[in-house]
Every structure is written in C-alpha cells, then in structure tokens.
$ cat entry_6.cif   # mmCIF, C-alpha atoms
data_input
loop_
_atom_site.label_atom_id
_atom_site.label_comp_id
_atom_site.auth_asym_id
_atom_site.auth_seq_id
_atom_site.Cartn_x
_atom_site.Cartn_y
_atom_site.Cartn_z
CA MET A 83 95.88 154.83 -94.56
CA PRO A 84 97.72 158.13 -94.35
CA GLU A 85 96.19 161.01 -96.19
CA ILE A 86 97.35 164.53 -96.55
CA ILE A 87 95.95 167.83 -97.79
CA ARG A 88 98.22 170.21 -99.62
CA GLU A 89 97.86 173.66 -101.07
CA ALA A 90 99.99 175.07 -103.83
CA LYS A 91 99.85 177.38 -106.81
CA THR A 92 98.91 174.62 -109.23
CA VAL A 93 97.13 171.29 -108.82
CA GLU A 94 100.21 169.56 -110.16
CA SER A 95 102.60 171.04 -107.62
CA ALA A 96 100.15 170.44 -104.78
CA ILE A 97 99.97 166.76 -105.68
CA GLU A 98 103.71 166.57 -106.01
CA ALA A 99 104.22 168.15 -102.61
CA ALA A 100 101.72 165.79 -101.03
CA LEU A 101 103.32 162.75 -102.62
CA GLU A 102 106.71 163.86 -101.45
CA ALA A 103 105.46 164.37 -97.92
CA LEU A 104 103.82 160.96 -97.89
CA GLY A 105 106.78 159.32 -99.51
CA CYS A 106 104.82 157.45 -102.13
CA THR A 107 104.54 157.40 -105.88
CA ARG A 108 101.66 158.60 -108.01
CA GLU A 109 100.63 155.04 -108.87
CA GLU A 110 100.20 154.17 -105.22
CA ALA A 111 98.16 157.20 -104.35
CA ASP A 112 94.60 158.41 -104.69
CA THR A 113 94.28 162.08 -105.43
CA GLU A 114 91.25 164.24 -104.97
CA ILE A 115 91.07 167.87 -106.01
CA ILE A 116 89.33 169.92 -103.34
CA GLN A 117 89.83 173.30 -104.93
CA GLU A 118 90.96 174.35 -108.38
CA PRO A 119 93.37 177.26 -108.50
CA GLY A 120 92.27 180.56 -109.97
CA LYS A 121 91.98 184.24 -109.46
CA GLY A 122 90.22 185.03 -106.24
CA ILE A 123 88.91 188.32 -105.02
CA PHE A 124 91.09 191.44 -105.48
CA GLY A 125 93.36 189.54 -107.84
CA ARG A 126 94.61 187.35 -105.05
CA THR A 127 95.47 183.91 -106.30
CA LYS A 128 93.32 181.10 -105.08
CA MET A 129 95.48 178.14 -104.21
CA ALA A 130 94.93 174.67 -105.58
CA LYS A 131 94.00 172.25 -102.85
CA VAL A 132 94.28 168.48 -103.14
CA LYS A 133 93.81 165.52 -100.88
CA VAL A 134 96.15 162.63 -101.48
CA THR A 135 95.65 159.25 -99.90
CA CYS A 136 98.47 156.80 -99.97
CA ALA A 137 97.61 153.14 -100.40
CA HIS A 138 100.68 151.48 -99.02
CA GLY A 139 100.97 153.52 -95.87
CA ALA A 140 104.46 154.97 -95.71
CA GLU A 141 105.41 157.07 -92.72
CA THR A 142 104.91 160.80 -93.04
CA THR A 143 108.16 161.70 -91.38
CA SER A 144 111.51 160.04 -91.24
CA ALA A 145 112.85 158.40 -88.16
CA ASN A 146 115.38 160.96 -87.00
CA ASP A 147 112.86 163.74 -86.45
CA GLN A 148 112.78 164.57 -82.82
CA GLU A 149 109.27 165.64 -82.03
CA THR A 150 108.40 167.82 -79.12
CA GLY A 151 105.10 169.47 -80.03
CA SER A 152 101.70 168.31 -78.93
CA GLY A 153 98.16 167.95 -80.21
CA GLU A 154 96.89 169.12 -83.59
CA ALA A 155 99.59 171.72 -84.06
CA ARG A 156 102.07 168.89 -84.19
CA GLU A 157 100.74 167.63 -87.48
CA ASP A 158 101.29 171.02 -89.07
CA TRP A 159 104.75 171.14 -87.63
CA GLN A 160 105.54 167.67 -88.87
CA GLU A 161 104.33 168.63 -92.33
CA ASN A 162 106.35 171.81 -92.35
CA ILE A 163 109.39 169.97 -91.07
CA SER A 164 109.30 167.34 -93.79
CA GLN A 165 108.61 169.94 -96.48
CA GLY A 166 111.45 172.13 -95.33
CA LYS A 167 113.73 169.14 -95.19
CA ASN A 168 112.76 168.06 -98.69
CA THR A 169 113.35 171.48 -100.18
CA LEU A 170 116.67 171.93 -98.42
CA THR A 171 117.78 168.45 -99.50
CA LYS A 172 116.96 169.33 -103.08
CA MET A 173 118.94 172.55 -102.84
CA LEU A 174 121.95 170.72 -101.42
CA ASN A 175 121.74 168.01 -104.07
CA LEU A 176 121.74 170.63 -106.79
CA MET A 177 124.67 172.35 -105.14
CA GLY A 178 126.63 169.15 -105.64
CA LEU A 179 126.38 167.88 -102.08
CA PRO A 180 124.27 164.73 -102.37
CA ASN A 181 125.64 163.19 -99.18
CA ALA A 182 124.43 165.87 -96.82
CA LYS A 183 122.22 164.65 -93.98
CA ILE A 184 119.66 166.86 -92.32
CA GLN A 185 118.55 166.59 -88.74
CA SER A 186 115.47 168.44 -87.69
CA ARG A 187 114.22 169.71 -84.42
CA GLN A 188 111.30 171.82 -83.42
CA GLU A 189 112.16 174.92 -81.48
CA GLU A 190 109.83 177.33 -79.73
CA ASP A 191 108.69 179.25 -82.78
CA ALA A 192 110.90 177.86 -85.50
CA ILE A 193 112.04 174.70 -87.20
CA TYR A 194 115.71 174.03 -86.76
CA LEU A 195 117.40 172.13 -89.58
CA ASP A 196 120.97 171.05 -89.03
CA ILE A 197 122.98 169.99 -92.08
CA HIS A 198 125.71 167.40 -91.68
CA SER A 199 128.12 167.35 -94.56
CA GLU A 200 131.83 167.07 -95.28
CA ALA A 201 131.65 170.44 -96.97
CA GLU A 202 130.92 172.37 -93.78
CA GLY A 203 133.19 175.27 -94.59
CA LEU A 204 131.67 175.71 -98.02
CA LEU A 205 128.15 175.76 -96.64
CA ILE A 206 128.96 178.23 -93.90
CA GLY A 207 130.96 180.62 -96.07
CA ARG A 208 132.83 183.72 -95.03
CA HIS A 209 131.27 185.18 -91.88
CA GLY A 210 128.49 182.63 -92.28
CA GLN A 211 127.25 184.34 -95.43
CA THR A 212 126.43 181.19 -97.36
CA LEU A 213 124.60 179.78 -94.38
CA ALA A 214 122.62 183.00 -94.07
CA SER A 215 121.71 182.81 -97.77
CA LEU A 216 120.62 179.18 -97.49
CA GLN A 217 118.35 180.08 -94.62
CA TYR A 218 116.97 183.16 -96.32
CA ILE A 219 116.19 181.42 -99.62
CA LEU A 220 114.67 178.39 -97.88
CA ASN A 221 112.36 180.66 -95.90
CA ARG A 222 111.40 182.58 -99.03
CA ILE A 223 110.58 179.39 -100.90
CA MET A 224 108.64 177.80 -98.06
CA ASN A 225 106.61 180.90 -97.31
CA HIS A 226 105.88 181.35 -100.97
CA GLN A 227 104.73 177.81 -101.65
CA HIS A 228 102.93 176.78 -98.52
CA ALA A 229 99.96 178.22 -96.77
CA LYS A 230 100.89 177.15 -93.26
CA LYS A 231 103.87 179.26 -92.44
CA SER A 232 106.72 178.57 -90.15
CA ARG A 233 110.18 179.97 -89.70
CA TYR A 234 113.22 177.89 -90.51
CA ILE A 235 116.63 178.12 -88.94
CA VAL A 236 119.31 176.46 -91.03
CA ASP A 237 122.50 175.35 -89.36
CA VAL A 238 125.59 173.42 -90.41
CA GLY A 239 127.02 171.00 -87.89
CA GLY A 240 125.86 173.12 -84.97
CA TYR A 241 127.75 176.19 -86.21
CA ARG A 242 125.09 178.68 -85.15
CA VAL A 243 124.96 177.21 -81.67
CA ARG A 244 128.75 177.33 -81.33
CA TYR A 245 128.89 180.84 -82.77
CA LYS A 246 126.26 182.08 -80.36
CA ILE A 247 128.29 180.82 -77.41
CA ILE A 248 131.42 182.52 -78.79
CA LEU A 249 129.56 185.82 -79.20
CA GLU A 250 128.14 185.64 -75.71
CA LYS A 251 131.52 184.89 -74.22
CA MET A 252 133.09 187.79 -76.06
CA ALA A 253 130.33 190.15 -74.95
CA LYS A 254 130.73 189.03 -71.38
CA ARG A 255 134.46 189.60 -71.47
CA ILE A 256 134.10 193.10 -72.88
CA ALA A 257 131.28 193.93 -70.51
CA HIS A 258 133.57 193.05 -67.65
CA LYS A 259 136.25 195.35 -69.01
CA VAL A 260 133.76 198.16 -69.54
CA ALA A 261 132.41 197.82 -66.00
CA GLU A 262 135.93 198.18 -64.62
CA SER A 263 137.18 200.99 -66.81
CA LYS A 264 133.89 202.90 -67.02
CA GLU A 265 134.64 203.50 -70.66
CA GLU A 266 132.35 202.31 -73.38
CA GLU A 267 133.61 200.02 -76.07
CA GLN A 268 132.51 199.41 -79.65
CA LEU A 269 132.39 195.94 -81.09
CA LYS A 270 133.00 195.11 -84.73
CA ALA A 271 130.20 195.53 -87.24
CA MET A 272 127.73 192.64 -87.11
CA SER A 273 124.49 191.45 -88.64
CA ALA A 274 121.17 192.20 -86.96
CA PHE A 275 120.94 188.57 -85.88
CA ASP A 276 124.32 188.67 -84.14
CA ARG A 277 123.70 192.06 -82.56
CA ARG A 278 120.48 190.72 -81.15
CA ILE A 279 122.34 187.85 -79.49
CA ILE A 280 124.60 190.36 -77.73
CA HIS A 281 121.78 192.69 -76.70
CA MET A 282 119.85 189.75 -75.31
CA SER A 283 122.82 188.36 -73.42
CA MET A 284 123.47 191.74 -71.78
CA LYS A 285 119.84 192.44 -70.97
CA ASP A 286 120.13 191.43 -67.32
CA ASN A 287 123.59 192.81 -66.73
CA HIS A 288 123.58 195.37 -63.89
CA ASP A 289 126.79 197.15 -64.84
CA VAL A 290 126.48 197.81 -68.55
CA THR A 291 123.92 198.63 -71.22
CA THR A 292 124.11 198.05 -74.94
CA TYR A 293 122.97 199.97 -77.96
CA SER A 294 123.79 200.04 -81.66
CA LEU A 295 125.53 202.65 -83.70
CA GLY A 296 126.04 203.20 -87.42
CA GLU A 297 124.08 202.32 -90.51
CA GLY A 298 123.54 199.21 -92.59
CA ASN A 299 126.53 196.95 -92.89
CA PHE A 300 128.51 199.12 -90.50
CA ARG A 301 126.07 198.93 -87.63
CA ARG A 302 127.74 197.72 -84.49
CA VAL A 303 127.01 197.19 -80.84
CA VAL A 304 128.36 199.50 -78.18
CA ILE A 305 128.74 198.22 -74.65
CA ALA A 306 128.62 201.14 -72.23
CA PRO A 307 128.65 201.52 -68.47
CA LYS A 308 125.16 202.04 -67.07
CA GLY A 309 124.09 205.62 -66.62
CA MET A 310 126.45 207.07 -69.19
CA PRO A 311 124.86 209.18 -71.95
CA ARG A 312 124.76 207.57 -75.36
CA LYS A 313 126.80 208.75 -78.24
CA SER A 314 124.21 209.34 -80.90
CA GLU A 315 126.77 209.10 -83.71
CA ASP A 316 130.51 208.84 -84.11
CA LYS A 317 131.28 212.51 -84.09
CA ALA A 318 128.28 213.19 -81.97
CA VAL A 319 127.90 216.43 -80.15
CA GLU A 320 127.51 215.53 -76.54
CA ILE A 321 124.02 216.43 -75.55
CA PRO A 322 123.92 217.22 -71.88
CA GLU A 323 121.42 214.95 -70.23
CA GLU A 324 119.83 215.64 -66.88
CA GLU A 325 123.02 216.46 -65.01
CA ASP A 326 122.34 217.52 -61.46
CA GLN A 327 121.36 220.93 -62.61
CA GLY A 328 118.04 222.42 -61.76
CA GLY A 329 116.69 223.31 -65.18
CA GLU A 330 116.76 220.57 -67.77
CA GLU A 331 118.22 221.61 -71.06
CA SER A 332 116.31 220.57 -74.11
CA GLY A 333 118.90 218.94 -76.34
CA LEU A 334 118.30 220.77 -79.60
CA MET B 35 124.81 175.29 -111.91
CA LYS B 36 121.93 175.78 -114.29
CA PRO B 37 119.63 173.20 -112.64
CA LEU B 38 120.26 174.80 -109.24
CA LEU B 39 119.31 178.27 -110.45
CA GLU B 40 116.32 176.90 -112.32
CA PHE B 41 115.03 175.11 -109.25
CA LEU B 42 115.49 178.10 -106.96
CA ALA B 43 113.98 180.58 -109.42
CA LYS B 44 110.98 178.36 -110.15
CA SER B 45 110.38 177.87 -106.46
CA LEU B 46 110.34 181.61 -105.84
CA VAL B 47 108.05 182.86 -108.60
CA GLU B 48 104.35 182.81 -109.37
CA GLN B 49 104.92 181.73 -112.96
CA PRO B 50 107.50 178.96 -112.96
CA GLU B 51 106.77 178.19 -116.61
CA ALA B 52 108.16 181.58 -117.57
CA VAL B 53 111.54 180.90 -115.96
CA SER B 54 114.44 180.28 -118.29
CA VAL B 55 118.16 180.14 -117.73
CA GLN B 56 120.86 180.60 -120.36
CA GLU B 57 124.36 179.44 -119.70
CA GLU B 58 127.35 181.13 -121.30
CA SER B 59 131.01 180.75 -120.60
CA GLY B 60 132.33 184.27 -120.32
CA THR B 61 135.86 185.51 -119.82
CA ASP B 62 135.35 185.37 -116.09
CA GLY B 63 133.89 181.92 -115.56
CA LEU B 64 130.31 180.92 -116.12
CA LEU B 65 127.64 183.50 -116.90
CA LEU B 66 124.04 182.64 -116.06
CA LYS B 67 121.29 184.70 -117.63
CA LEU B 68 117.98 184.38 -115.84
CA LYS B 69 114.68 185.37 -117.37
CA VAL B 70 111.41 185.47 -115.46
CA ALA B 71 107.96 186.91 -116.01
CA ASN B 72 107.86 190.68 -115.52
CA GLU B 73 105.53 190.36 -112.55
CA ASP B 74 108.01 188.03 -110.91
CA LEU B 75 111.06 190.28 -111.17
CA GLY B 76 110.46 191.62 -107.70
CA ARG B 77 110.33 188.15 -106.22
CA ILE B 78 113.70 187.29 -107.73
CA ILE B 79 115.37 190.55 -106.81
CA GLY B 80 113.83 191.01 -103.38
CA GLN B 81 113.87 193.98 -101.07
CA LYS B 82 117.02 196.01 -101.74
CA GLY B 83 118.25 193.13 -103.88
CA GLN B 84 118.40 190.80 -100.92
CA THR B 85 117.06 187.77 -102.74
CA VAL B 86 119.26 188.06 -105.81
CA LYS B 87 122.22 188.60 -103.48
CA ALA B 88 121.44 185.38 -101.65
CA LEU B 89 121.01 183.55 -104.98
CA ARG B 90 124.45 184.74 -106.09
CA GLN B 91 125.93 183.63 -102.80
CA LEU B 92 124.53 180.11 -103.21
CA LEU B 93 125.68 179.89 -106.83
CA THR B 94 129.15 181.05 -105.84
CA ALA B 95 129.31 178.40 -103.13
CA ALA B 96 128.19 175.69 -105.53
CA ALA B 97 130.70 176.89 -108.12
CA ALA B 98 133.50 176.88 -105.55
CA LYS B 99 132.91 173.17 -105.18
CA THR B 100 134.05 172.68 -108.78
CA LYS B 101 136.62 175.49 -108.55
CA THR B 102 134.87 177.71 -111.07
CA ARG B 103 133.45 181.19 -110.94
CA VAL B 104 129.94 182.15 -111.74
CA SER B 105 127.99 185.34 -112.26
CA LEU B 106 124.28 185.87 -112.45
CA VAL B 107 122.41 188.41 -114.53
CA VAL B 108 118.68 188.94 -114.22
CA GLN B 109 117.28 190.00 -117.57
CA GLU B 110 114.26 192.15 -118.09
#
$ encode --input "entry_6.cif" --output "structure tokens"
Amino acid sequence: MPEIIREAKTVESAIEAALEALGCTREEADTEIIQEPGKGIFGRTKMAKVKVTCAHGAETTSANDQETGSGEAREDWQENISQGKNTLTKMLNLMGLPNAKIQSRQEEDAIYLDIHSEAEGLLIGRHGQTLASLQYILNRIMNHQHAKKSRYIVDVGGYRVRYKIILEKMAKRIAHKVAESKEEEQLKAMSAFDRRIIHMSMKDNHDVTTYSLGEGNFRRVVIAPKGMPRKSEDKAVEIPEEEDQGGEESGL
Amino acid sequence: MKPLLEFLAKSLVEQPEAVSVQEESGTDGLLLKLKVANEDLGRIIGQKGQTVKALRQLLTAAAAKTKTRVSLVVQE
C-alpha cells in the first residue's frame, strides 16, 4: 500500500498535495497528522506534516517519467517530479491550454519538464520571455510550498535545447572570426542564462576569451582574442597592462 | 484570467485566504486588481519586481490566447 509524507503550510494543503501525488481520492485514503502547523522558534512557521496511505494502490508516478536516479534520493526526486508536473499542468490548464502534455526527465541537479502543446509559440513568447516566466514562477511556487527543494527547468518542445545549440554555433562562428582578425567582437545583449551558455562553450577555446560588458538588460558577451586587454566599459580609457616595460604601471 | 491569477497568487503567499482578485473591464482590456496580506506583498512583487513581472507575462500570454489584453495591479 503506497504511503506518502507531505509537508505544507496547512494540514489541508499537505493532505491535498499527498492525495494528488498518490493519485487517489480522500475517500480512498487514510490520513494521519504527524505535525500540526504553528509558529516555531524565531517566528519561523512550523510546517504541517501528514502521512497519507492510499488503500487502492495507485502508482505514484505516471508511466512516461524516465527515471535515472538511484537509491533513496530517487523517491524524493520522483515526488518532486510529480509535484512539479502537477503544478505546471494546473498552470497550463488555467492558461487555457488543457491539452498540453508534460514529459519529465531528471537531469544532474535539476528536473527537466518539457511541455508539448499546439500553442508552442505562445508558451515560448518573444525571446523566450513567457517560457522564462513559467520556469521562474514554477520554481517560486515549488520552493515555497515544499520542504524538499529541487530546481526545475521548463521547456517547450525542446526549445531550450535547440536554442542552446544555436547559441553555441553562433559563438563558435564569431570566435573563429575573432581568432582570424584579432579584433574583439560584441554580441547582442542576452540574459544571464544565455551568456553563461556562451561563456561555458568558449571555456576551452585556445584562441579567444569571453567576458561580459554593460549593465542589466544591456549586458552582453564580448569575444576577444586571448591576451588582449579587456575594455572595462564602452568608452573605457585603455589601462596599460603589463606591456614589456620594466616598471608596471598601476592602473589608477 | 481571474482563476489563473488566483491560483498563482495563492500558491506564492503565506496567507492564501487573504488573496482576492477583482476583475474590471477597463478601456484597455481587462484590469485585474490583486489584493494580498501586507506581509505577502514582497512575495508577490519579488526582488526588483521580478515576480510580478513574470505574473504579468503569464497573464499576457493567457490573454493572447483569447485575443484580449490584460493588466495587473497589486493593491496595498
């Protein structure tokens, strides 16, 4: 008989979450309250903790979960996966996309949820903004409601994977150009996530280095030939750096 | 639109019972007025308004599905 322990802000929501994870109704389940919620020490909230046992024995996870983890950690993962899936499904339903299917996969340190829907473009949004919001809000909700934390990556029809390959290709092309011309080149402004992909892809390149320039939404990656001094800002004063002169000048 | 905002807001706050959403049709599409407990304002707005920005983005996407416009106001 599958049983599950859930923590949440209230007894009610803990039971609900457990029932949802088990896939059974309240009539079929036995619930036991392990801990009542309340104010703990230093005004921290004490979570409600319940144990729910399901009489009819439904599966905890749906069939298309591809599991890769091992041992005890896997149970936590499986729980987090099904919870994340449930919440995301609810969000999509309420957004008027009841036919969306979610495939889940466990990655190194994150749970990858791929949405399959006819409304791909809508879910991705301009520059992937809607997708980024979906992921952000899902992570906020999950981290807020559940004690066992994990990170969620939300994708739509493999968009993130495709986009990553496009970014890497572009970086490679420009790196090649930079290596030939010995002149650094600025890319367009990108999010931290995207910049990271480029930095990582250029990490082992022998000819060029990368760094970022600009603030906030305007921050962009610069691909520069190795050994060339960085521009610290657009109109930067060139600070002489250890040229083959005897005495090193202290730049300001 | 209202159920979506209600669900998201309730999932983000400490006091879901204090969440209320008012729907008005303004000159520029739908206007959603969100009220939460004072202590929960920060959770709805987020660091540098990041959370409320993401909420608006999701509402806009959902509204685009029905070809309408939507705006969100968080009330104190």
$ resolve_selection --input "entry_6.cif" --expression "the PyMOL selection byres ((chain A) within 9 of (chain B))" --output "MDAnalysis selection string"
chainID A and resid 91 172:179 201 204:205 207 211:216 218:219 222:224 226:227
$ residues_around --input "entry_6.cif" --residues "segment 56-72 of chain B" --least-positions-apart "4" --cutoff "7 Å" --atoms "only C-alpha atoms" --output "list of chain:residue names"
B:Lys36, B:Gln49, B:Ala52, B:Thr102, B:Arg103, B:Val104, B:Ser105, B:Leu106, B:Val107, B:Val108, B:Gln109, B:Glu110
$ resolve_selection --input "entry_6.cif" --expression "the PyMOL selection byres ((chain A and resi 240) around 12)" --output "JSON, numbers by chain"
{"A": [184, 185, 186, 194, 195, 196, 197, 198, 199, 202, 206, 213, 235, 236, 237, 238, 239, 241, 242, 243, 244, 245, 246, 247]}
$ write_last_selection --input "entry_6.cif" --atoms "C-alpha atoms" --output "PDB file, keeping the file's coordinate frame"
ATOM      1  CA  ILE A 184     119.660 166.860 -92.320  1.00  0.00           C
ATOM      2  CA  GLN A 185     118.550 166.590 -88.740  1.00  0.00           C
ATOM      3  CA  SER A 186     115.470 168.440 -87.690  1.00  0.00           C
ATOM      4  CA  TYR A 194     115.710 174.030 -86.760  1.00  0.00           C
ATOM      5  CA  LEU A 195     117.400 172.130 -89.580  1.00  0.00           C
ATOM      6  CA  ASP A 196     120.970 171.050 -89.030  1.00  0.00           C
ATOM      7  CA  ILE A 197     122.980 169.990 -92.080  1.00  0.00           C
ATOM      8  CA  HIS A 198     125.710 167.400 -91.680  1.00  0.00           C
ATOM      9  CA  SER A 199     128.120 167.350 -94.560  1.00  0.00           C
ATOM     10  CA  GLU A 202     130.920 172.370 -93.780  1.00  0.00           C
ATOM     11  CA  ILE A 206     128.960 178.230 -93.900  1.00  0.00           C
ATOM     12  CA  LEU A 213     124.600 179.780 -94.380  1.00  0.00           C
ATOM     13  CA  ILE A 235     116.630 178.120 -88.940  1.00  0.00           C
ATOM     14  CA  VAL A 236     119.310 176.460 -91.030  1.00  0.00           C
ATOM     15  CA  ASP A 237     122.500 175.350 -89.360  1.00  0.00           C
ATOM     16  CA  VAL A 238     125.590 173.420 -90.410  1.00  0.00           C
ATOM     17  CA  GLY A 239     127.020 171.000 -87.890  1.00  0.00           C
ATOM     18  CA  TYR A 241     127.750 176.190 -86.210  1.00  0.00           C
ATOM     19  CA  ARG A 242     125.090 178.680 -85.150  1.00  0.00           C
ATOM     20  CA  VAL A 243     124.960 177.210 -81.670  1.00  0.00           C
ATOM     21  CA  ARG A 244     128.750 177.330 -81.330  1.00  0.00           C
ATOM     22  CA  TYR A 245     128.890 180.840 -82.770  1.00  0.00           C
ATOM     23  CA  LYS A 246     126.260 182.080 -80.360  1.00  0.00           C
ATOM     24  CA  ILE A 247     128.290 180.820 -77.410  1.00  0.00           C
TER      25      ILE A 247
END
$ atom_distance --input "entry_6.cif" --atom1 "atom CA of Ile116 of chain A" --atom2 "atom CA of Ala130 of chain A"
7.7 Å
$ atom_distance --input "entry_6.cif" --atom1 "atom CA of Arg187 of chain A" --atom2 "atom CA of Ala90 of chain A"
24.7 Å
$ atom_distance --input "entry_6.cif" --atom1 "atom CA of Glu114 of chain A" --atom2 "atom CA of Asn225 of chain A"
23.9 Å
$ axis_aligned_box --input "entry_6.cif" --around "segment 52-71 of chain B" --padding-each-side "4 Å" --output "JSON"
{"center_x": 121.9, "center_y": 183.2, "center_z": -118.4, "size_x": 35.9, "size_y": 15.5, "size_z": 13.8}
$ residues_around --input "entry_6.cif" --residues "segment 282-293 of chain A" --least-positions-apart "5" --cutoff "8 Å" --atoms "all atoms listed in the file" --output "PyMOL selection string"
chain A and resi 250+253-254+257+260-261+303-308
$ build_atoms --input "entry_6.cif" --residues "segment 66-96 of chain B" --atoms "N, CA and C atoms" --output "mmCIF file, in the frame of the given file"
data_model
loop_
_atom_site.group_PDB
_atom_site.id
_atom_site.type_symbol
_atom_site.label_atom_id
_atom_site.label_comp_id
_atom_site.auth_asym_id
_atom_site.auth_seq_id
_atom_site.Cartn_x
_atom_site.Cartn_y
_atom_site.Cartn_z
ATOM 1 N N LEU B 66 125.415 183.142 -116.022
ATOM 2 C CA LEU B 66 124.040 182.640 -116.060
ATOM 3 C C LEU B 66 123.096 183.802 -116.311
ATOM 4 N N LYS B 67 122.271 183.657 -117.336
ATOM 5 C CA LYS B 67 121.290 184.700 -117.630
ATOM 6 C C LYS B 67 119.904 184.171 -117.275
ATOM 7 N N LEU B 68 119.281 184.837 -116.342
ATOM 8 C CA LEU B 68 117.980 184.380 -115.840
ATOM 9 C C LEU B 68 116.876 185.279 -116.368
ATOM 10 N N LYS B 69 115.850 184.624 -116.910
ATOM 11 C CA LYS B 69 114.680 185.370 -117.370
ATOM 12 C C LYS B 69 113.449 184.888 -116.601
ATOM 13 N N VAL B 70 112.667 185.826 -116.119
ATOM 14 C CA VAL B 70 111.410 185.470 -115.460
ATOM 15 C C VAL B 70 110.311 186.398 -115.965
ATOM 16 N N ALA B 71 109.071 186.050 -115.633
ATOM 17 C CA ALA B 71 107.960 186.910 -116.010
ATOM 18 C C ALA B 71 108.144 188.283 -115.351
ATOM 19 N N ASN B 72 107.696 189.321 -116.052
ATOM 20 C CA ASN B 72 107.860 190.680 -115.520
ATOM 21 C C ASN B 72 107.321 190.845 -114.117
ATOM 22 N N GLU B 73 106.159 190.213 -113.869
ATOM 23 C CA GLU B 73 105.530 190.360 -112.550
ATOM 24 C C GLU B 73 106.354 189.683 -111.463
ATOM 25 N N ASP B 74 107.239 188.787 -111.885
ATOM 26 C CA ASP B 74 108.010 188.030 -110.910
ATOM 27 C C ASP B 74 109.378 188.626 -110.624
ATOM 28 N N LEU B 75 109.729 189.679 -111.351
ATOM 29 C CA LEU B 75 111.060 190.280 -111.170
ATOM 30 C C LEU B 75 111.328 190.629 -109.713
ATOM 31 N N GLY B 76 110.314 191.209 -109.095
ATOM 32 C CA GLY B 76 110.460 191.620 -107.700
ATOM 33 C C GLY B 76 110.740 190.454 -106.779
ATOM 34 N N ARG B 77 110.132 189.327 -107.068
ATOM 35 C CA ARG B 77 110.330 188.150 -106.220
ATOM 36 C C ARG B 77 111.742 187.610 -106.340
ATOM 37 N N ILE B 78 112.338 187.776 -107.519
ATOM 38 C CA ILE B 78 113.700 187.290 -107.730
ATOM 39 C C ILE B 78 114.709 188.279 -107.135
ATOM 40 N N ILE B 79 114.415 189.544 -107.272
ATOM 41 C CA ILE B 79 115.370 190.550 -106.810
ATOM 42 C C ILE B 79 115.261 190.757 -105.297
ATOM 43 N N GLY B 80 114.038 190.867 -104.823
ATOM 44 C CA GLY B 80 113.830 191.010 -103.380
ATOM 45 C C GLY B 80 114.055 192.432 -102.905
ATOM 46 N N GLN B 81 113.735 192.645 -101.637
ATOM 47 C CA GLN B 81 113.870 193.980 -101.070
ATOM 48 C C GLN B 81 115.340 194.396 -101.054
ATOM 49 N N LYS B 82 115.640 195.523 -101.653
ATOM 50 C CA LYS B 82 117.020 196.010 -101.740
ATOM 51 C C LYS B 82 117.953 194.960 -102.338
ATOM 52 N N GLY B 83 117.411 194.120 -103.220
ATOM 53 C CA GLY B 83 118.250 193.130 -103.880
ATOM 54 C C GLY B 83 118.685 191.971 -103.005
ATOM 55 N N GLN B 84 117.991 191.807 -101.899
ATOM 56 C CA GLN B 84 118.400 190.800 -100.920
ATOM 57 C C GLN B 84 118.314 189.383 -101.487
ATOM 58 N N THR B 85 117.237 189.128 -102.233
ATOM 59 C CA THR B 85 117.060 187.770 -102.740
ATOM 60 C C THR B 85 118.091 187.433 -103.811
ATOM 61 N N VAL B 86 118.304 188.356 -104.729
ATOM 62 C CA VAL B 86 119.260 188.060 -105.810
ATOM 63 C C VAL B 86 120.670 187.951 -105.221
ATOM 64 N N LYS B 87 120.931 188.679 -104.157
ATOM 65 C CA LYS B 87 122.220 188.600 -103.480
ATOM 66 C C LYS B 87 122.416 187.200 -102.882
ATOM 67 N N ALA B 88 121.368 186.712 -102.253
ATOM 68 C CA ALA B 88 121.440 185.380 -101.650
ATOM 69 C C ALA B 88 121.595 184.311 -102.737
ATOM 70 N N LEU B 89 120.892 184.498 -103.868
ATOM 71 C CA LEU B 89 121.010 183.550 -104.980
ATOM 72 C C LEU B 89 122.462 183.502 -105.469
ATOM 73 N N ARG B 90 123.058 184.680 -105.640
ATOM 74 C CA ARG B 90 124.450 184.740 -106.090
ATOM 75 C C ARG B 90 125.368 184.032 -105.101
ATOM 76 N N GLN B 91 125.099 184.242 -103.830
ATOM 77 C CA GLN B 91 125.930 183.630 -102.800
ATOM 78 C C GLN B 91 125.881 182.098 -102.911
ATOM 79 N N LEU B 92 124.679 181.558 -103.104
ATOM 80 C CA LEU B 92 124.530 180.110 -103.210
ATOM 81 C C LEU B 92 125.202 179.580 -104.472
ATOM 82 N N LEU B 93 125.051 180.316 -105.577
ATOM 83 C CA LEU B 93 125.680 179.890 -106.830
ATOM 84 C C LEU B 93 127.196 179.911 -106.687
ATOM 85 N N THR B 94 127.705 180.952 -106.045
ATOM 86 C CA THR B 94 129.150 181.050 -105.840
ATOM 87 C C THR B 94 129.663 179.881 -105.017
ATOM 88 N N ALA B 95 128.902 179.531 -103.969
ATOM 89 C CA ALA B 95 129.310 178.400 -103.130
ATOM 90 C C ALA B 95 129.313 177.114 -103.926
ATOM 91 N N ALA B 96 128.276 176.917 -104.721
ATOM 92 C CA ALA B 96 128.190 175.690 -105.530
ATOM 93 C C ALA B 96 129.301 175.654 -106.560
#
